[in-house]
file data.cif (mmCIF, C-alpha atoms and all ligand atoms)
data_structure
#
loop_
_atom_site.label_atom_id
_atom_site.label_comp_id
_atom_site.auth_asym_id
_atom_site.auth_seq_id
_atom_site.Cartn_x
_atom_site.Cartn_y
_atom_site.Cartn_z
CA MET A 1 236.16 -37.96 -80.68
CA LYS A 2 236.57 -41.70 -80.09
CA MET A 3 234.77 -44.31 -82.15
CA LEU A 4 234.56 -47.96 -81.15
CA VAL A 5 233.99 -50.31 -84.08
CA LEU A 6 232.68 -53.72 -83.03
CA LEU A 7 233.16 -56.20 -85.86
CA GLY A 8 230.61 -58.98 -85.61
CA SER A 9 231.57 -61.05 -88.62
CA PRO A 10 233.94 -64.01 -88.33
CA ARG A 11 235.25 -63.07 -91.81
CA LYS A 12 238.18 -60.70 -91.42
CA GLY A 13 238.46 -58.67 -94.59
CA GLY A 14 234.86 -59.50 -95.49
CA ASN A 15 232.12 -57.14 -96.55
CA SER A 16 231.17 -55.59 -93.21
CA ASP A 17 234.84 -55.38 -92.20
CA THR A 18 235.81 -53.66 -95.48
CA LEU A 19 233.01 -51.13 -95.17
CA SER A 20 233.70 -50.51 -91.47
CA ARG A 21 237.36 -49.80 -92.24
CA LEU A 22 236.30 -47.19 -94.80
CA VAL A 23 233.92 -45.58 -92.30
CA GLY A 24 236.69 -45.60 -89.70
CA LYS A 25 239.32 -44.21 -92.07
CA SER A 26 237.25 -41.20 -93.04
CA PHE A 27 236.29 -40.68 -89.38
CA GLU A 28 240.01 -40.58 -88.55
CA GLU A 29 240.74 -38.26 -91.45
CA GLY A 30 238.17 -35.94 -89.93
CA GLY A 31 240.15 -35.85 -86.67
CA GLY A 32 238.68 -38.76 -84.71
CA THR A 33 240.31 -41.88 -83.29
CA VAL A 34 239.08 -45.42 -83.92
CA ASP A 35 239.42 -48.64 -81.96
CA TYR A 36 238.52 -51.87 -83.81
CA THR A 37 237.43 -54.95 -81.88
CA TYR A 38 236.84 -58.28 -83.62
CA LEU A 39 234.18 -59.93 -81.47
CA ASN A 40 234.89 -63.34 -83.02
CA THR A 41 238.42 -63.35 -81.57
CA LEU A 42 237.24 -62.82 -78.01
CA ALA A 43 236.46 -65.56 -75.53
CA ILE A 44 233.05 -64.26 -74.52
CA ARG A 45 230.18 -66.19 -73.06
CA PRO A 46 226.55 -65.48 -73.79
CA CYS A 47 224.56 -63.72 -71.07
CA GLN A 48 223.71 -66.25 -68.36
CA GLY A 49 220.50 -64.46 -67.32
CA CYS A 50 221.70 -64.75 -63.73
CA GLY A 51 220.56 -61.30 -62.64
CA GLY A 52 223.99 -60.69 -61.16
CA CYS A 53 224.10 -57.27 -62.77
CA GLU A 54 220.84 -56.09 -61.26
CA LYS A 55 222.33 -54.75 -58.03
CA THR A 56 225.47 -53.18 -59.46
CA GLY A 57 224.95 -52.56 -63.16
CA ALA A 58 228.10 -54.59 -63.80
CA CYS A 59 228.32 -58.03 -65.37
CA VAL A 60 229.49 -60.80 -63.04
CA VAL A 61 230.75 -63.03 -65.85
CA LYS A 62 234.50 -62.54 -65.91
CA ASP A 63 235.79 -63.03 -69.42
CA GLU A 64 237.10 -60.98 -72.33
CA MET A 65 234.03 -58.76 -72.30
CA GLY A 66 235.64 -56.75 -69.47
CA PRO A 67 237.67 -54.46 -71.77
CA VAL A 68 234.70 -54.24 -74.16
CA PHE A 69 232.48 -52.85 -71.39
CA GLU A 70 235.17 -50.25 -70.69
CA ALA A 71 235.56 -49.37 -74.36
CA VAL A 72 231.80 -49.01 -74.77
CA ASP A 73 231.62 -46.57 -71.86
CA GLN A 74 234.59 -44.56 -73.12
CA ALA A 75 233.41 -44.30 -76.72
CA ASP A 76 231.70 -41.23 -78.11
CA ARG A 77 230.51 -43.17 -81.16
CA ILE A 78 229.93 -46.92 -81.48
CA LEU A 79 229.60 -48.73 -84.79
CA LEU A 80 228.22 -52.26 -84.55
CA ALA A 81 229.08 -54.03 -87.80
CA SER A 82 227.28 -57.30 -88.41
CA PRO A 83 226.40 -59.39 -91.42
CA VAL A 84 222.81 -60.60 -91.60
CA TYR A 85 222.69 -64.18 -90.35
CA PHE A 86 219.26 -65.77 -90.61
CA TYR A 87 217.53 -62.39 -90.82
CA GLY A 88 219.23 -61.00 -87.73
CA LEU A 89 222.58 -60.11 -86.20
CA SER A 90 225.43 -62.62 -86.25
CA ALA A 91 225.78 -64.68 -83.06
CA GLN A 92 228.97 -62.79 -82.19
CA SER A 93 227.11 -59.47 -82.37
CA LYS A 94 224.13 -60.86 -80.48
CA ILE A 95 226.31 -62.13 -77.64
CA PHE A 96 227.78 -58.64 -77.37
CA GLY A 97 224.27 -57.18 -77.33
CA ASP A 98 222.92 -59.61 -74.74
CA ARG A 99 225.85 -58.86 -72.44
CA MET A 100 224.82 -55.20 -72.56
CA GLN A 101 222.03 -56.35 -70.22
CA ALA A 102 224.35 -55.13 -67.44
CA LEU A 103 224.12 -51.60 -68.85
CA TRP A 104 220.36 -52.02 -69.27
CA ALA A 105 220.25 -52.82 -65.53
CA ARG A 106 222.40 -49.77 -64.77
CA LYS A 107 220.04 -47.52 -66.71
CA TYR A 108 216.61 -48.98 -66.01
CA LEU A 109 216.88 -50.77 -62.67
CA LEU A 110 219.47 -48.62 -60.90
CA LYS A 111 218.33 -45.45 -62.72
CA LYS A 112 221.94 -44.46 -63.32
CA ARG A 113 222.21 -42.52 -66.54
CA TYR A 114 225.65 -42.50 -68.14
CA ARG A 115 227.40 -39.49 -69.73
CA GLN A 116 224.09 -37.76 -70.35
CA GLY A 117 224.13 -34.61 -72.45
CA GLU A 118 227.31 -35.63 -74.28
CA GLY A 119 225.50 -36.60 -77.47
CA ARG A 120 226.97 -40.10 -77.66
CA LYS A 121 225.67 -42.15 -80.57
CA GLY A 122 225.56 -45.70 -81.90
CA TYR A 123 225.13 -46.97 -85.46
CA LEU A 124 224.51 -50.27 -87.20
CA LEU A 125 226.46 -51.29 -90.27
CA SER A 126 225.17 -54.41 -91.96
CA THR A 127 225.53 -56.46 -95.14
CA ALA A 128 223.38 -59.21 -96.60
CA ALA A 129 223.44 -61.56 -99.56
CA THR A 130 219.82 -61.12 -100.54
CA VAL A 131 217.87 -58.01 -101.44
CA GLY A 132 214.41 -58.35 -99.87
CA PRO A 133 212.79 -55.23 -98.43
CA LYS A 134 212.76 -56.60 -94.86
CA ILE A 135 216.25 -58.09 -94.83
CA PHE A 136 217.62 -55.63 -92.24
CA ASP A 137 214.46 -55.11 -90.15
CA CYS A 138 215.33 -57.52 -87.37
CA SER A 139 218.95 -56.33 -87.09
CA ILE A 140 217.88 -52.70 -86.94
CA LEU A 141 215.35 -53.36 -84.18
CA THR A 142 217.91 -55.32 -82.16
CA ALA A 143 220.64 -52.72 -82.65
CA ARG A 144 218.30 -49.91 -81.62
CA TYR A 145 217.46 -51.76 -78.43
CA ILE A 146 221.13 -52.53 -77.68
CA PHE A 147 222.09 -48.88 -78.07
CA ASP A 148 219.21 -47.81 -75.86
CA ALA A 149 220.58 -50.09 -73.12
CA VAL A 150 224.08 -48.72 -73.65
CA ASP A 151 222.55 -45.26 -73.11
CA VAL A 152 223.60 -43.80 -76.44
CA GLU A 153 221.30 -42.29 -79.03
CA TYR A 154 220.68 -44.38 -82.14
CA GLY A 155 222.30 -42.47 -85.00
CA GLY A 156 221.10 -44.66 -87.87
CA GLU A 157 222.32 -47.41 -90.08
CA PHE A 158 224.56 -48.10 -93.05
CA LEU A 159 223.25 -51.06 -95.06
CA VAL A 160 224.39 -52.89 -98.16
CA LYS A 161 222.36 -55.75 -99.63
CA GLY A 162 223.17 -58.14 -102.46
CA VAL A 163 226.74 -58.88 -101.35
CA ASP A 164 227.64 -62.44 -100.46
CA GLU A 165 231.18 -63.52 -101.32
CA ARG A 166 233.88 -62.30 -98.93
CA LYS A 167 235.15 -59.56 -101.26
CA ALA A 168 231.84 -58.88 -103.03
CA VAL A 169 231.56 -55.30 -101.80
CA ALA A 170 234.87 -54.44 -103.46
CA GLY A 171 232.99 -54.69 -106.75
CA HIS A 172 230.60 -51.95 -105.67
CA GLN A 173 232.61 -48.73 -105.68
CA GLU A 174 229.46 -46.67 -105.07
CA GLU A 175 228.84 -48.49 -101.77
CA MET A 176 232.45 -48.00 -100.71
CA ASP A 177 232.16 -44.29 -101.51
CA ARG A 178 228.96 -44.20 -99.49
CA ALA A 179 230.83 -45.79 -96.54
CA ILE A 180 233.50 -43.07 -96.73
CA GLN A 181 230.72 -40.49 -96.74
CA PHE A 182 229.10 -42.16 -93.72
CA GLY A 183 232.34 -41.79 -91.73
CA GLN A 184 232.53 -38.15 -92.75
CA ASP A 185 228.91 -37.65 -91.70
CA ILE A 186 229.58 -39.21 -88.29
CA ILE A 187 232.60 -37.05 -87.49
CA ALA A 188 230.83 -33.94 -88.77
CA GLY A 189 227.80 -34.66 -86.61
CA ARG A 190 225.43 -34.95 -89.57
CA VAL A 191 224.24 -38.38 -88.40
C1 LIG A 201 225.36 -68.42 -91.18
C2 LIG A 201 224.97 -67.44 -92.26
C3 LIG A 201 223.69 -66.97 -92.33
C4 LIG A 201 223.32 -66.05 -93.31
N1 LIG A 201 222.03 -65.62 -93.36
C5 LIG A 201 221.65 -64.74 -94.30
C6 LIG A 201 220.30 -64.29 -94.38
O1 LIG A 201 219.42 -64.68 -93.62
N2 LIG A 201 219.99 -63.41 -95.36
C7 LIG A 201 220.93 -62.93 -96.25
O2 LIG A 201 220.58 -62.13 -97.12
N3 LIG A 201 222.22 -63.32 -96.18
C8 LIG A 201 222.60 -64.20 -95.22
N4 LIG A 201 223.92 -64.60 -95.15
C9 LIG A 201 224.92 -64.00 -96.05
C10 LIG A 201 225.69 -62.85 -95.40
O3 LIG A 201 224.83 -61.93 -94.76
C11 LIG A 201 226.49 -62.07 -96.46
O4 LIG A 201 227.38 -62.95 -97.12
C12 LIG A 201 227.25 -60.92 -95.87
O5 LIG A 201 227.67 -60.03 -96.87
C13 LIG A 201 228.46 -61.39 -95.08
O6 LIG A 201 229.15 -60.30 -94.54
P1 LIG A 201 230.69 -60.43 -94.08
O7 LIG A 201 231.48 -60.61 -95.35
O8 LIG A 201 230.97 -59.16 -93.39
O9 LIG A 201 230.76 -61.63 -93.19
C14 LIG A 201 224.30 -65.57 -94.21
C15 LIG A 201 225.61 -66.03 -94.14
C16 LIG A 201 225.96 -66.98 -93.19
C17 LIG A 201 227.37 -67.48 -93.12
#
call {"tool": "encode", "arguments": {"input": "data.cif", "output": "structure tokens", "more": "lines below"}}
Ligand SMILES: Cc1cc2nc3c(=O)[nH]c(=O)nc-3n(C[C@H](O)[C@H](O)[C@H](O)COP(=O)(O)O)c2cc1C
result
Amino acid sequence: MKMLVLLGSPRKGGNSDTLSRLVGKSFEEGGGTVDYTYLNTLAIRPCQGCGGCEKTGACVVKDEMGPVFEAVDQADRILLASPVYFYGLSAQSKIFGDRMQALWARKYLLKKRYRQGEGRKGYLLSTAATVGPKIFDCSILTARYIFDAVDVEYGGEFLVKGVDERKAVAGHQEEMDRAIQFGQDIIAGRV
């Protein structure tokens, strides 16, 4: 089973990266393979709203999203890892999501379903500095909608609040253990 991890934070080695690596490691230990993509390192443009994808289901903007589209289609599991930025996904993650408009067009305009019946799933992993009850609401809604466009079932979320400094999560062993468990749950099909 192949998992694509899309890292939406510009901070390599930061909280969402650290947790994603733990999820990925336990997924691999369970027999899966993992491909990590740092969205911040890619030269990717925001969706231009040009409608170019509406006839083909493919994006007409030629940039470093090309391999990401391929990886998304090939993945059995997709983990979108984003810090909370202003109550939502990071810009890097949102650009990825908006570009999935091409797959939305494939599914909803062209009525082409993709790899149906294979049980493909997508998950959100997110971290935030503050601890309010609604801190992840916007990101969850957006992620759910992105995964619907990608034509994978939403498998749930892994969320850690109250972590701000780059290495803050390293001081929360229980959250790191929970991340390991989340990877095990994904490969075992429990989530
Ligand atoms: C531009 C920016 C916006 C942020 N907005 C929020 C926010 O609205 N709410 C919050 O709780 N934390 C916010 N944070 C803090 C991050 O969500 C937090 O530090 C997170 O753990 C970073 O994850 P990372 O280490 O994976 O980048 C913001 C940080 C930055 C840089």
call {"tool": "residues_near_ligand", "arguments": {"input": "data.cif", "ligand": "ligand LIG 201 (chain A)", "cutoff": "6 Å", "atoms": "only C-alpha atoms and all ligand atoms", "output": "PyMOL selection string"}}
result
chain A and resi 9+11+14-17+83-87+127-130+163-166
call {"tool": "closest_atom_pairs", "arguments": {"input": "data.cif", "of": "region 51-128 of chain A", "to": "region 138-155 of chain A", "cutoff": "6 Å", "atoms": "only C-alpha atoms", "output": "tab-separated table"}}
result
residue	atom	partner	partner_atom	distance
A:Gly88	CA	A:Ser139	CA	4.7
A:Leu89	CA	A:Ser139	CA	5.3
A:Gly97	CA	A:Ile146	CA	5.6
A:Leu103	CA	A:Val150	CA	5.6
A:Trp104	CA	A:Ala149	CA	4.3
A:Arg120	CA	A:Val152	CA	5.2
A:Lys121	CA	A:Glu153	CA	4.6
A:Gly122	CA	A:Tyr154	CA	5.1
A:Tyr123	CA	A:Gly155	CA	5.3
call {"tool": "atom_distance", "arguments": {"input": "data.cif", "atom1": "CA of Arg45 (chain A)", "atom2": "CA of Met65 (chain A)"}}
result
8.4 Å
call {"tool": "atom_distance", "arguments": {"input": "data.cif", "atom1": "CA of Gly13 (chain A)", "atom2": "CA of Glu70 (chain A)"}}
result
25.6 Å
call {"tool": "residues_near_point", "arguments": {"input": "data.cif", "point": "(238.5, -48.2, -92.4)", "cutoff": "10 Å", "atoms": "only C-alpha atoms", "output": "number ranges by chain"}}
result
A: 5, 17-28, 34, 36, 179-180, 183
call {"tool": "axis_aligned_box", "arguments": {"input": "data.cif", "around": "region 41-53 of chain A", "padding_each_side": "6 Å", "output": "JSON"}}
result
{"center_x": 229.5, "center_y": -61.8, "center_z": -71.4, "size_x": 29.9, "size_y": 21.0, "size_z": 32.4}
call {"tool": "closest_residue", "arguments": {"input": "data.cif", "among": "A:Asp98, A:Ala105, A:Gly31, A:Pro10", "to": "Thr56 (chain A)", "atoms": "all atoms listed in the file"}}
result
A:Ala105
call {"tool": "closest_residue", "arguments": {"input": "data.cif", "among": "A:Ala188, A:Leu79, A:Met176, A:Ala170", "to": "Leu6 (chain A)", "atoms": "only C-alpha atoms"}}
result
A:Leu79
call {"tool": "closest_residue", "arguments": {"input": "data.cif", "among": "A:Ser90, A:Lys55, A:Thr37, A:Ile78", "to": "Met1 (chain A)", "atoms": "all atoms listed in the file"}}
result
A:Ile78
call {"tool": "closest_residue", "arguments": {"input": "data.cif", "among": "A:Leu7, A:Tyr38, A:His172, A:Pro46", "to": "Ile95 (chain A)", "atoms": "all atoms listed in the file"}}
result
A:Pro46
call {"tool": "closest_residue", "arguments": {"input": "data.cif", "among": "A:Glu175, A:Asp35, A:Asp137, A:Glu157", "to": "Val72 (chain A)", "atoms": "only C-alpha atoms"}}
result
A:Asp35
call {"tool": "atom_distance", "arguments": {"input": "data.cif", "atom1": "CA of Lys62 (chain A)", "atom2": "CA of Thr41 (chain A)"}}
result
16.2 Å
call {"tool": "closest_residue", "arguments": {"input": "data.cif", "among": "A:Ser126, A:Asn40, A:Gln92, A:Gln101", "to": "Leu159 (chain A)", "atoms": "only C-alpha atoms"}}
result
A:Ser126
call {"tool": "build_atoms", "arguments": {"input": "data.cif", "residues": "region 96-122 of chain A", "atoms": "N, CA and C atoms", "output": "PDB file, in the frame of the given file"}}
result
ATOM      1  N   PHE A  96     227.419 -59.978 -77.846  1.00  0.00           N
ATOM      2  CA  PHE A  96     227.780 -58.640 -77.370  1.00  0.00           C
ATOM      3  C   PHE A  96     226.529 -57.917 -76.870  1.00  0.00           C
ATOM      4  N   GLY A  97     225.484 -57.913 -77.689  1.00  0.00           N
ATOM      5  CA  GLY A  97     224.270 -57.180 -77.330  1.00  0.00           C
ATOM      6  C   GLY A  97     223.627 -57.714 -76.057  1.00  0.00           C
ATOM      7  N   ASP A  98     223.548 -59.027 -75.949  1.00  0.00           N
ATOM      8  CA  ASP A  98     222.920 -59.610 -74.740  1.00  0.00           C
ATOM      9  C   ASP A  98     223.719 -59.262 -73.484  1.00  0.00           C
ATOM     10  N   ARG A  99     225.034 -59.205 -73.617  1.00  0.00           N
ATOM     11  CA  ARG A  99     225.850 -58.860 -72.440  1.00  0.00           C
ATOM     12  C   ARG A  99     225.655 -57.409 -72.019  1.00  0.00           C
ATOM     13  N   MET A 100     225.117 -56.594 -72.922  1.00  0.00           N
ATOM     14  CA  MET A 100     224.820 -55.200 -72.560  1.00  0.00           C
ATOM     15  C   MET A 100     223.628 -55.121 -71.594  1.00  0.00           C
ATOM     16  N   GLN A 101     223.069 -56.284 -71.251  1.00  0.00           N
ATOM     17  CA  GLN A 101     222.030 -56.350 -70.220  1.00  0.00           C
ATOM     18  C   GLN A 101     222.509 -55.676 -68.928  1.00  0.00           C
ATOM     19  N   ALA A 102     223.813 -55.764 -68.657  1.00  0.00           N
ATOM     20  CA  ALA A 102     224.350 -55.130 -67.440  1.00  0.00           C
ATOM     21  C   ALA A 102     224.147 -53.610 -67.506  1.00  0.00           C
ATOM     22  N   LEU A 103     224.312 -53.047 -68.716  1.00  0.00           N
ATOM     23  CA  LEU A 103     224.120 -51.600 -68.850  1.00  0.00           C
ATOM     24  C   LEU A 103     222.631 -51.247 -68.879  1.00  0.00           C
ATOM     25  N   TRP A 104     221.826 -52.190 -69.365  1.00  0.00           N
ATOM     26  CA  TRP A 104     220.360 -52.020 -69.270  1.00  0.00           C
ATOM     27  C   TRP A 104     219.966 -51.935 -67.800  1.00  0.00           C
ATOM     28  N   ALA A 105     220.551 -52.823 -66.977  1.00  0.00           N
ATOM     29  CA  ALA A 105     220.250 -52.820 -65.530  1.00  0.00           C
ATOM     30  C   ALA A 105     220.715 -51.506 -64.900  1.00  0.00           C
ATOM     31  N   ARG A 106     221.878 -51.035 -65.306  1.00  0.00           N
ATOM     32  CA  ARG A 106     222.400 -49.770 -64.770  1.00  0.00           C
ATOM     33  C   ARG A 106     221.425 -48.632 -65.059  1.00  0.00           C
ATOM     34  N   LYS A 107     220.913 -48.627 -66.294  1.00  0.00           N
ATOM     35  CA  LYS A 107     220.040 -47.520 -66.710  1.00  0.00           C
ATOM     36  C   LYS A 107     218.622 -47.664 -66.143  1.00  0.00           C
ATOM     37  N   TYR A 108     218.041 -48.839 -66.310  1.00  0.00           N
ATOM     38  CA  TYR A 108     216.610 -48.980 -66.010  1.00  0.00           C
ATOM     39  C   TYR A 108     216.296 -49.484 -64.615  1.00  0.00           C
ATOM     40  N   LEU A 109     217.165 -50.288 -64.022  1.00  0.00           N
ATOM     41  CA  LEU A 109     216.880 -50.770 -62.670  1.00  0.00           C
ATOM     42  C   LEU A 109     217.509 -49.852 -61.628  1.00  0.00           C
ATOM     43  N   LEU A 110     218.760 -49.461 -61.866  1.00  0.00           N
ATOM     44  CA  LEU A 110     219.470 -48.620 -60.900  1.00  0.00           C
ATOM     45  C   LEU A 110     219.283 -47.137 -61.184  1.00  0.00           C
ATOM     46  N   LYS A 111     218.643 -46.837 -62.324  1.00  0.00           N
ATOM     47  CA  LYS A 111     218.330 -45.450 -62.720  1.00  0.00           C
ATOM     48  C   LYS A 111     219.581 -44.585 -62.799  1.00  0.00           C
ATOM     49  N   LYS A 112     220.701 -45.233 -63.155  1.00  0.00           N
ATOM     50  CA  LYS A 112     221.940 -44.460 -63.320  1.00  0.00           C
ATOM     51  C   LYS A 112     222.106 -44.149 -64.795  1.00  0.00           C
ATOM     52  N   ARG A 113     221.981 -42.902 -65.155  1.00  0.00           N
ATOM     53  CA  ARG A 113     222.210 -42.520 -66.540  1.00  0.00           C
ATOM     54  C   ARG A 113     223.704 -42.287 -66.726  1.00  0.00           C
ATOM     55  N   TYR A 114     224.204 -42.546 -67.925  1.00  0.00           N
ATOM     56  CA  TYR A 114     225.650 -42.500 -68.140  1.00  0.00           C
ATOM     57  C   TYR A 114     226.019 -41.459 -69.189  1.00  0.00           C
ATOM     58  N   ARG A 115     226.874 -40.531 -68.825  1.00  0.00           N
ATOM     59  CA  ARG A 115     227.400 -39.490 -69.730  1.00  0.00           C
ATOM     60  C   ARG A 115     226.261 -38.780 -70.489  1.00  0.00           C
ATOM     61  N   GLN A 116     225.220 -38.439 -69.728  1.00  0.00           N
ATOM     62  CA  GLN A 116     224.090 -37.760 -70.350  1.00  0.00           C
ATOM     63  C   GLN A 116     224.487 -36.383 -70.850  1.00  0.00           C
ATOM     64  N   GLY A 117     223.874 -35.952 -71.928  1.00  0.00           N
ATOM     65  CA  GLY A 117     224.130 -34.610 -72.450  1.00  0.00           C
ATOM     66  C   GLY A 117     225.388 -34.523 -73.305  1.00  0.00           C
ATOM     67  N   GLU A 118     226.072 -35.659 -73.481  1.00  0.00           N
ATOM     68  CA  GLU A 118     227.310 -35.630 -74.280  1.00  0.00           C
ATOM     69  C   GLU A 118     227.058 -35.979 -75.744  1.00  0.00           C
ATOM     70  N   GLY A 119     225.821 -36.320 -76.070  1.00  0.00           N
ATOM     71  CA  GLY A 119     225.500 -36.600 -77.470  1.00  0.00           C
ATOM     72  C   GLY A 119     226.143 -37.842 -78.028  1.00  0.00           C
ATOM     73  N   ARG A 120     226.360 -38.849 -77.178  1.00  0.00           N
ATOM     74  CA  ARG A 120     226.970 -40.100 -77.660  1.00  0.00           C
ATOM     75  C   ARG A 120     225.989 -40.828 -78.588  1.00  0.00           C
ATOM     76  N   LYS A 121     226.550 -41.505 -79.592  1.00  0.00           N
ATOM     77  CA  LYS A 121     225.670 -42.150 -80.570  1.00  0.00           C
ATOM     78  C   LYS A 121     226.175 -43.534 -80.981  1.00  0.00           C
ATOM     79  N   GLY A 122     225.231 -44.372 -81.388  1.00  0.00           N
ATOM     80  CA  GLY A 122     225.560 -45.700 -81.900  1.00  0.00           C
ATOM     81  C   GLY A 122     224.915 -45.921 -83.258  1.00  0.00           C
TER      82      GLY A 122
END
